[in-house]
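Engineer: The structure file final-v2.txt (compact mmCIF, C-alpha atoms) is provided below.
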# COMPACT_ATOMS: atom_id res chain seq x y z
CA LYS A 1 -37.03 3.99 -32.06
CA ALA A 2 -33.73 2.61 -30.87
CA GLY A 3 -33.56 -1.17 -30.92
CA VAL A 4 -32.78 -3.57 -28.13
CA THR A 5 -29.24 -3.12 -26.88
CA GLN A 6 -27.10 -5.58 -25.00
CA THR A 7 -23.83 -5.08 -23.17
CA PRO A 8 -21.19 -6.25 -23.28
CA ARG A 9 -21.12 -7.74 -26.76
CA TYR A 10 -18.27 -10.12 -25.97
CA LEU A 11 -17.07 -11.60 -22.72
CA ILE A 12 -14.43 -14.12 -21.72
CA LYS A 13 -14.63 -15.67 -18.27
CA THR A 14 -12.99 -18.52 -16.41
CA ARG A 15 -14.77 -21.56 -14.99
CA GLY A 16 -16.16 -20.88 -11.55
CA GLN A 17 -16.54 -17.15 -12.06
CA GLN A 18 -19.82 -15.36 -12.33
CA VAL A 19 -21.04 -12.99 -15.02
CA THR A 20 -23.72 -10.33 -15.42
CA LEU A 21 -25.20 -9.41 -18.78
CA SER A 22 -27.33 -6.36 -19.43
CA CYS A 23 -30.24 -5.65 -21.75
CA SER A 24 -32.02 -2.40 -22.54
CA PRO A 25 -35.40 -2.94 -24.20
CA ILE A 26 -37.11 -0.79 -26.78
CA SER A 27 -38.66 2.26 -25.18
CA GLY A 28 -42.16 1.44 -23.98
CA HIS A 29 -41.61 -2.30 -23.90
CA ARG A 30 -42.23 -3.81 -20.49
CA SER A 31 -41.33 -7.42 -21.19
CA VAL A 32 -37.81 -8.75 -21.51
CA SER A 33 -37.03 -12.35 -22.36
CA TRP A 34 -33.65 -14.06 -22.36
CA TYR A 35 -32.51 -16.90 -24.60
CA GLN A 36 -29.39 -18.99 -24.85
CA GLN A 37 -28.16 -19.95 -28.30
CA THR A 38 -25.64 -22.75 -28.83
CA PRO A 39 -24.73 -24.78 -31.93
CA GLY A 40 -25.94 -27.99 -30.31
CA GLN A 41 -29.15 -26.94 -28.58
CA GLY A 42 -30.15 -23.97 -30.71
CA LEU A 43 -32.20 -21.19 -29.15
CA GLN A 44 -33.55 -21.99 -25.69
CA PHE A 45 -35.76 -19.86 -23.47
CA LEU A 46 -34.22 -18.86 -20.15
CA PHE A 47 -36.77 -16.58 -18.49
CA GLU A 48 -39.05 -13.63 -19.00
CA TYR A 49 -39.62 -10.53 -16.91
CA PHE A 50 -42.56 -8.18 -16.99
CA SER A 51 -42.89 -5.14 -14.75
CA GLU A 52 -40.00 -6.31 -12.58
CA THR A 53 -41.53 -9.75 -12.00
CA GLN A 54 -40.38 -13.04 -13.45
CA ARG A 55 -43.38 -14.50 -15.23
CA ASN A 56 -41.86 -17.72 -16.45
CA LYS A 57 -38.65 -19.67 -16.47
CA GLY A 58 -37.20 -22.19 -18.85
CA ASN A 59 -35.48 -25.43 -17.96
CA PHE A 60 -32.15 -24.10 -16.73
CA PRO A 61 -30.36 -24.61 -13.39
CA GLY A 62 -30.62 -22.11 -10.59
CA ARG A 63 -27.19 -20.73 -11.48
CA PHE A 64 -29.03 -18.73 -14.10
CA SER A 65 -30.95 -15.83 -12.66
CA GLY A 66 -32.19 -12.45 -13.70
CA ARG A 67 -33.92 -9.32 -12.66
CA GLN A 68 -35.68 -6.35 -14.15
CA PHE A 69 -35.55 -2.77 -13.03
CA SER A 70 -38.29 -0.17 -12.90
CA ASN A 71 -37.12 1.29 -16.23
CA SER A 72 -37.59 -2.20 -17.79
CA ARG A 73 -33.85 -2.74 -18.25
CA SER A 74 -32.90 -6.28 -17.36
CA GLU A 75 -29.84 -8.15 -16.23
CA MET A 76 -29.11 -11.83 -16.19
CA ASN A 77 -26.53 -13.44 -13.99
CA VAL A 78 -24.78 -16.77 -14.30
CA SER A 79 -22.88 -17.98 -11.26
CA THR A 80 -20.22 -20.67 -11.01
CA LEU A 81 -19.63 -20.68 -14.75
CA GLU A 82 -19.14 -23.97 -16.56
CA LEU A 83 -17.56 -24.58 -19.95
CA GLY A 84 -21.00 -25.51 -21.27
CA ASP A 85 -22.29 -22.02 -20.53
CA SER A 86 -20.34 -20.71 -23.50
CA ALA A 87 -23.03 -19.39 -25.80
CA LEU A 88 -24.66 -16.39 -27.39
CA TYR A 89 -27.14 -14.88 -24.95
CA LEU A 90 -29.99 -13.05 -26.61
CA CYS A 91 -32.40 -10.64 -25.08
CA ALA A 92 -35.77 -9.83 -26.61
CA SER A 93 -38.29 -7.18 -25.67
CA SER A 94 -41.99 -6.83 -26.31
CA LEU A 95 -44.93 -4.86 -25.02
CA GLY A 96 -45.72 -7.87 -22.88
CA LEU A 97 -49.33 -8.18 -23.89
CA ALA A 98 -50.91 -11.22 -25.52
CA ASN A 99 -49.66 -12.09 -29.00
CA ASN A 100 -46.93 -9.49 -29.00
CA GLU A 101 -43.92 -9.60 -31.27
CA GLN A 102 -40.53 -10.00 -29.69
CA TYR A 103 -37.65 -7.83 -30.87
CA PHE A 104 -34.18 -9.23 -30.40
CA GLY A 105 -30.92 -7.62 -29.43
CA PRO A 106 -27.57 -8.43 -31.04
CA GLY A 107 -26.58 -10.77 -28.23
CA THR A 108 -23.67 -11.16 -25.85
CA ARG A 109 -21.11 -13.78 -26.83
CA LEU A 110 -19.88 -15.46 -23.63
CA THR A 111 -16.83 -17.69 -23.74
CA VAL A 112 -15.93 -19.71 -20.66
CA THR A 113 -12.38 -21.06 -20.50
CA ALA B 1 -44.33 -30.31 -24.19
CA GLN B 2 -43.91 -27.76 -26.93
CA ARG B 3 -41.70 -28.72 -29.82
CA VAL B 4 -40.77 -27.23 -33.18
CA THR B 5 -39.16 -29.30 -35.89
CA GLN B 6 -37.39 -27.92 -38.94
CA PRO B 7 -36.30 -31.04 -40.81
CA GLU B 8 -33.82 -29.35 -43.15
CA LYS B 9 -30.60 -27.95 -41.73
CA LEU B 10 -29.58 -26.69 -45.15
CA LEU B 11 -31.61 -25.87 -48.21
CA SER B 12 -30.00 -24.75 -51.45
CA VAL B 13 -32.06 -23.51 -54.39
CA PHE B 14 -31.36 -21.52 -57.52
CA LYS B 15 -32.41 -17.92 -57.95
CA GLY B 16 -35.91 -17.73 -59.38
CA ALA B 17 -36.89 -21.17 -58.12
CA PRO B 18 -39.66 -21.68 -55.53
CA VAL B 19 -38.68 -22.05 -51.90
CA GLU B 20 -40.40 -23.97 -49.13
CA LEU B 21 -38.96 -24.19 -45.65
CA LYS B 22 -40.73 -26.76 -43.54
CA CYS B 23 -41.85 -26.34 -39.96
CA ASN B 24 -43.89 -28.74 -37.86
CA TYR B 25 -44.93 -28.12 -34.30
CA SER B 26 -46.28 -29.98 -31.31
CA TYR B 27 -48.50 -28.11 -28.89
CA SER B 28 -51.70 -29.01 -27.11
CA GLY B 29 -53.15 -25.52 -26.89
CA SER B 30 -53.85 -22.79 -29.40
CA PRO B 31 -50.49 -22.08 -31.04
CA GLU B 32 -48.98 -18.83 -32.12
CA LEU B 33 -46.45 -19.35 -34.88
CA PHE B 34 -43.68 -17.10 -36.14
CA TRP B 35 -40.89 -17.14 -38.68
CA TYR B 36 -37.71 -15.31 -37.71
CA VAL B 37 -34.81 -14.62 -40.07
CA GLN B 38 -31.18 -13.88 -39.41
CA TYR B 39 -29.15 -12.41 -42.24
CA SER B 40 -25.39 -12.60 -42.09
CA ARG B 41 -24.02 -10.48 -39.22
CA GLN B 42 -27.44 -9.13 -38.35
CA ARG B 43 -29.70 -9.73 -35.40
CA LEU B 44 -32.62 -12.08 -35.36
CA GLN B 45 -35.69 -10.35 -36.76
CA LEU B 46 -39.31 -11.25 -37.16
CA LEU B 47 -40.26 -12.15 -40.71
CA LEU B 48 -43.92 -12.95 -40.25
CA ARG B 49 -46.50 -14.33 -37.83
CA HIS B 50 -49.48 -16.46 -38.56
CA ILE B 51 -52.12 -14.16 -37.09
CA SER B 52 -51.23 -11.28 -39.40
CA ARG B 53 -51.59 -13.42 -42.54
CA GLU B 54 -49.52 -10.94 -44.53
CA SER B 55 -46.75 -11.42 -47.05
CA ILE B 56 -43.34 -10.05 -46.13
CA LYS B 57 -40.57 -9.85 -48.75
CA GLY B 58 -42.66 -12.20 -50.87
CA PHE B 59 -42.80 -14.88 -48.18
CA THR B 60 -46.03 -16.38 -46.92
CA ALA B 61 -46.84 -19.05 -44.37
CA ASP B 62 -50.12 -20.76 -43.62
CA LEU B 63 -50.91 -22.41 -40.34
CA ASN B 64 -52.30 -25.89 -40.91
CA LYS B 65 -53.62 -27.11 -37.59
CA GLY B 66 -54.58 -30.49 -39.01
CA GLU B 67 -51.02 -31.21 -40.09
CA THR B 68 -49.52 -29.07 -37.29
CA SER B 69 -47.39 -27.28 -39.86
CA PHE B 70 -46.39 -23.73 -40.64
CA HIS B 71 -44.29 -23.97 -43.77
CA LEU B 72 -42.67 -20.84 -45.21
CA LYS B 73 -42.98 -20.33 -48.95
CA LYS B 74 -41.80 -17.98 -51.64
CA PRO B 75 -42.59 -18.48 -55.33
CA PHE B 76 -39.37 -16.98 -56.72
CA ALA B 77 -36.21 -16.99 -54.61
CA GLN B 78 -33.83 -14.03 -54.68
CA GLU B 79 -30.17 -14.00 -53.71
CA GLU B 80 -30.87 -11.64 -50.80
CA ASP B 81 -33.08 -14.34 -49.26
CA SER B 82 -29.96 -16.28 -48.25
CA ALA B 83 -30.09 -16.44 -44.44
CA MET B 84 -30.90 -18.59 -41.42
CA TYR B 85 -34.61 -19.09 -40.90
CA TYR B 86 -36.13 -20.10 -37.60
CA CYS B 87 -39.65 -21.23 -36.95
CA ALA B 88 -40.91 -20.37 -33.45
CA LEU B 89 -43.90 -21.36 -31.38
CA GLY B 90 -45.51 -19.21 -28.71
CA SER B 91 -48.39 -19.97 -26.42
CA GLY B 92 -49.98 -16.59 -26.87
CA GLY B 93 -49.18 -15.50 -23.35
CA GLY B 94 -47.59 -12.25 -24.42
CA GLY B 95 -44.09 -13.62 -24.17
CA ALA B 96 -44.54 -15.01 -20.68
CA ASP B 97 -44.00 -18.57 -21.74
CA GLY B 98 -41.16 -17.75 -24.09
CA LEU B 99 -40.77 -18.87 -27.65
CA THR B 100 -39.83 -22.40 -28.57
CA PHE B 101 -37.54 -22.32 -31.58
CA GLY B 102 -36.72 -24.89 -34.17
CA LYS B 103 -33.04 -25.58 -34.92
CA GLY B 104 -33.19 -23.43 -38.02
CA THR B 105 -32.73 -23.91 -41.75
CA HIS B 106 -29.84 -22.33 -43.58
CA LEU B 107 -31.20 -21.17 -46.91
CA ILE B 108 -28.70 -20.60 -49.70
CA ILE B 109 -29.85 -19.05 -52.95
CA GLN B 110 -27.48 -19.82 -55.76
CA PRO B 111 -27.14 -17.39 -58.68
Once more with this new file: its structure as structure tokens, please.

Structural biologist:
Amino acid sequence: KAGVTQTPRYLIKTRGQQVTLSCSPISGHRSVSWYQQTPGQGLQFLFEYFSETQRNKGNFPGRFSGRQFSNSRSEMNVSTLELGDSALYLCASSLGLANNEQYFGPGTRLTVT
Amino acid sequence: AQRVTQPEKLLSVFKGAPVELKCNYSYSGSPELFWYVQYSRQRLQLLLRHISRESIKGFTADLNKGETSFHLKKPFAQEEDSAMYYCALGSGGGGADGLTFGKGTHLIIQP
């Protein structure tokens, strides 16, 4: 099975711009979760989608949003970028059932200047 | 609130020596604990989970609810074990509540 893929792998944006990141889950997986990884805060949960519905959201401002399509692919969007949004954004997929393992993608490295 | 604590940022041991990476958690419900590993230039991958109770690459971890710990152990370290190790806590909701990660421990195995 192909693993979780994320595009683009690297991105440089300017403060105030917006950005969209994409994630393709493992075939058959219906749940996609997003995480932000920074040196200071570590890995933090952003939100999770299952069957096109957001099931839960972490403690991030409304500038962070996402969506999931009928084929389970997911996108996350960050509007009005701030310098502090520079991070590695990881996507993870799972079957979405109780006690399922999450499989991570390679991440998208976002740099905000 | 859920919390995972990995007290050691860096742990250096010699090849062949025992390894123990500590993880303590705080959670009021029934926890689901995982260890993830990230080798150099590779993606984060699941090493083991407490409900499977299996040994992966010689590593084991036992959930101690009394001490709220899930320490990762290996009796004889190998150089290829050098990596970042993250302890993670889930609420068993099938990913809906997300995983709470510790800050990670960088394990270095010296020859």

Engineer: As a list of chain:residue names, please: the residues near Gln37 of chain A (cut-off 12 Å, only C-alpha atoms, same-chain neighbours under 2 positions excluded).

Structural biologist: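 Using only C-alpha atoms, the neighbours found are A:Trp34, A:Tyr35, A:Pro39, A:Gly40, A:Gln41, A:Gly42, A:Leu43, A:Gln44, A:Phe45, A:Leu46, A:Gly84, A:Asp85, A:Ser86, A:Ala87, A:Leu88, A:Tyr89, A:Leu90, A:Cys91, A:Pro106, A:Gly107, A:Thr108, A:Arg109, A:Leu110, B:Leu44, B:Thr100, B:Phe101, B:Gly102, B:Lys103, B:Gly104.
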
Engineer: Could you state the separation of atom CA of Gly3 of chain A and atom CA of Ile26 of chain A in Å, given to one decimal place?

Structural biologist: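 The value is 5.5 Å.
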
Engineer: Which polymer residues have any atom within 6 Å of an atom of Thr80 of chain A, counting only C-alpha atoms, with same-chain residues fewer than 4 positions away left out, as a compact mmCIF listing (two decimals) with C-alpha atoms, keeping the file's coordinate frame?

Structural biologist:
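Contents of selection.txt, as written:
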# COMPACT_ATOMS: atom_id res chain seq x y z
CA GLY A 16 -16.16 -20.88 -11.55
CA GLN A 17 -16.54 -17.15 -12.06
CA GLN A 18 -19.82 -15.36 -12.33

Engineer: Let me make sure I understand: among A:Thr20, A:Thr113, A:Thr14, A:Ser94, which one has the smallest atom-to-atom distance to chain B if we use all atoms listed in the file?

Structural biologist: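 Residue with the minimum atom-to-atom distance to chain B: A:Ser94.
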
Engineer: For Arg15 of chain A, which of A:Leu97, A:Ala92, A:Val112, A:Met76 is the closest residue, counting all atoms listed in the file?

Structural biologist: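 Closest candidate: A:Val112.
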
Engineer: Please report the interatomic distance between atom CA of Leu99 of chain B and atom CA of Val19 of chain B in Å with one decimal.

Structural biologist: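 That distance, rounded to one decimal, is 24.5 Å.
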
Engineer: Restricting the calculation to all atoms listed in the file, which member of B:Leu107, B:Leu89, B:Ala61, B:Val13 is positioned closest to Gly29 of chain B?

Structural biologist: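 The closest residue to Gly29 of chain B is B:Leu89.
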
Engineer: Nearest residue to chain B out of A:Thr7, A:Phe60, A:Gln68, A:Gln54, using only C-alpha atoms?

Structural biologist: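 Smallest distance to chain B is found for A:Gln54.
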
Engineer: Hey, what's within 7 Å of Cys23 of chain B if we count all atoms listed in the file and toss same-chain stuff fewer than 4 positions away? As an MDAnalysis selection string, please?

Structural biologist: chainID B and resid 4:6 69:71 87

Engineer: Find the residue from B:Leu33, B:Glu8, B:Tyr86, B:Gln78 that sits nearest to Asn64 of chain B; use all atoms listed in the file when measuring.

Structural biologist: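 That would be B:Leu33, the residue with the smallest distance to Asn64 of chain B.
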
Engineer: So which one's closest to Ser65 of chain A, A:Gly28, A:Gly105, A:Thr38, A:Leu21? Using all atoms listed in the file, please.

Structural biologist: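 Closest residue, counting all atoms listed in the file: A:Leu21.
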
Engineer: How far is it from atom CA of Lys73 of chain B to atom CA of Ser26 of chain B, in Å with one decimal?

Structural biologist: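 Atom CA of Ser26 of chain B lies 20.4 Å from atom CA of Lys73 of chain B.
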
Engineer: Within 9 Å of (-39.7, -12.8, -24.5), in the coordinates the file gives, what residues turn up when you count all atoms listed in the file, written out as an MDAnalysis selection string?

Structural biologist: (chainID A and resid 31:35 45 47:49 91:94 96 101:104) or (chainID B and resid 94:99)

Engineer: Could you turn the residues from that selection into a file that holds C-alpha atoms, as a PDB file, in the frame of the given file?

Structural biologist:
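So the final result, stored in selection_16.pdb, reads:
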ATOM      1  CA  SER A  31     -41.330  -7.420 -21.190  1.00  0.00           C
ATOM      2  CA  VAL A  32     -37.810  -8.750 -21.510  1.00  0.00           C
ATOM      3  CA  SER A  33     -37.030 -12.350 -22.360  1.00  0.00           C
ATOM      4  CA  TRP A  34     -33.650 -14.060 -22.360  1.00  0.00           C
ATOM      5  CA  TYR A  35     -32.510 -16.900 -24.600  1.00  0.00           C
ATOM      6  CA  PHE A  45     -35.760 -19.860 -23.470  1.00  0.00           C
ATOM      7  CA  PHE A  47     -36.770 -16.580 -18.490  1.00  0.00           C
ATOM      8  CA  GLU A  48     -39.050 -13.630 -19.000  1.00  0.00           C
ATOM      9  CA  TYR A  49     -39.620 -10.530 -16.910  1.00  0.00           C
ATOM     10  CA  CYS A  91     -32.400 -10.640 -25.080  1.00  0.00           C
ATOM     11  CA  ALA A  92     -35.770  -9.830 -26.610  1.00  0.00           C
ATOM     12  CA  SER A  93     -38.290  -7.180 -25.670  1.00  0.00           C
ATOM     13  CA  SER A  94     -41.990  -6.830 -26.310  1.00  0.00           C
ATOM     14  CA  GLY A  96     -45.720  -7.870 -22.880  1.00  0.00           C
ATOM     15  CA  GLU A 101     -43.920  -9.600 -31.270  1.00  0.00           C
ATOM     16  CA  GLN A 102     -40.530 -10.000 -29.690  1.00  0.00           C
ATOM     17  CA  TYR A 103     -37.650  -7.830 -30.870  1.00  0.00           C
ATOM     18  CA  PHE A 104     -34.180  -9.230 -30.400  1.00  0.00           C
TER      19      PHE A 104
ATOM     20  CA  GLY B  94     -47.590 -12.250 -24.420  1.00  0.00           C
ATOM     21  CA  GLY B  95     -44.090 -13.620 -24.170  1.00  0.00           C
ATOM     22  CA  ALA B  96     -44.540 -15.010 -20.680  1.00  0.00           C
ATOM     23  CA  ASP B  97     -44.000 -18.570 -21.740  1.00  0.00           C
ATOM     24  CA  GLY B  98     -41.160 -17.750 -24.090  1.00  0.00           C
ATOM     25  CA  LEU B  99     -40.770 -18.870 -27.650  1.00  0.00           C
TER      26      LEU B  99
END

Engineer: Draw an axis-aligned box tight on the listed atoms of segment 11-16 of chain B, then pad every side by 8 Å and write out centre and edge lengths in Å to one decimal as lines of an AutoDock Vina configuration file.

Structural biologist:
center_x = -33.0
center_y = -21.8
center_z = -53.8
size_x = 21.9
size_y = 24.1
size_z = 27.2
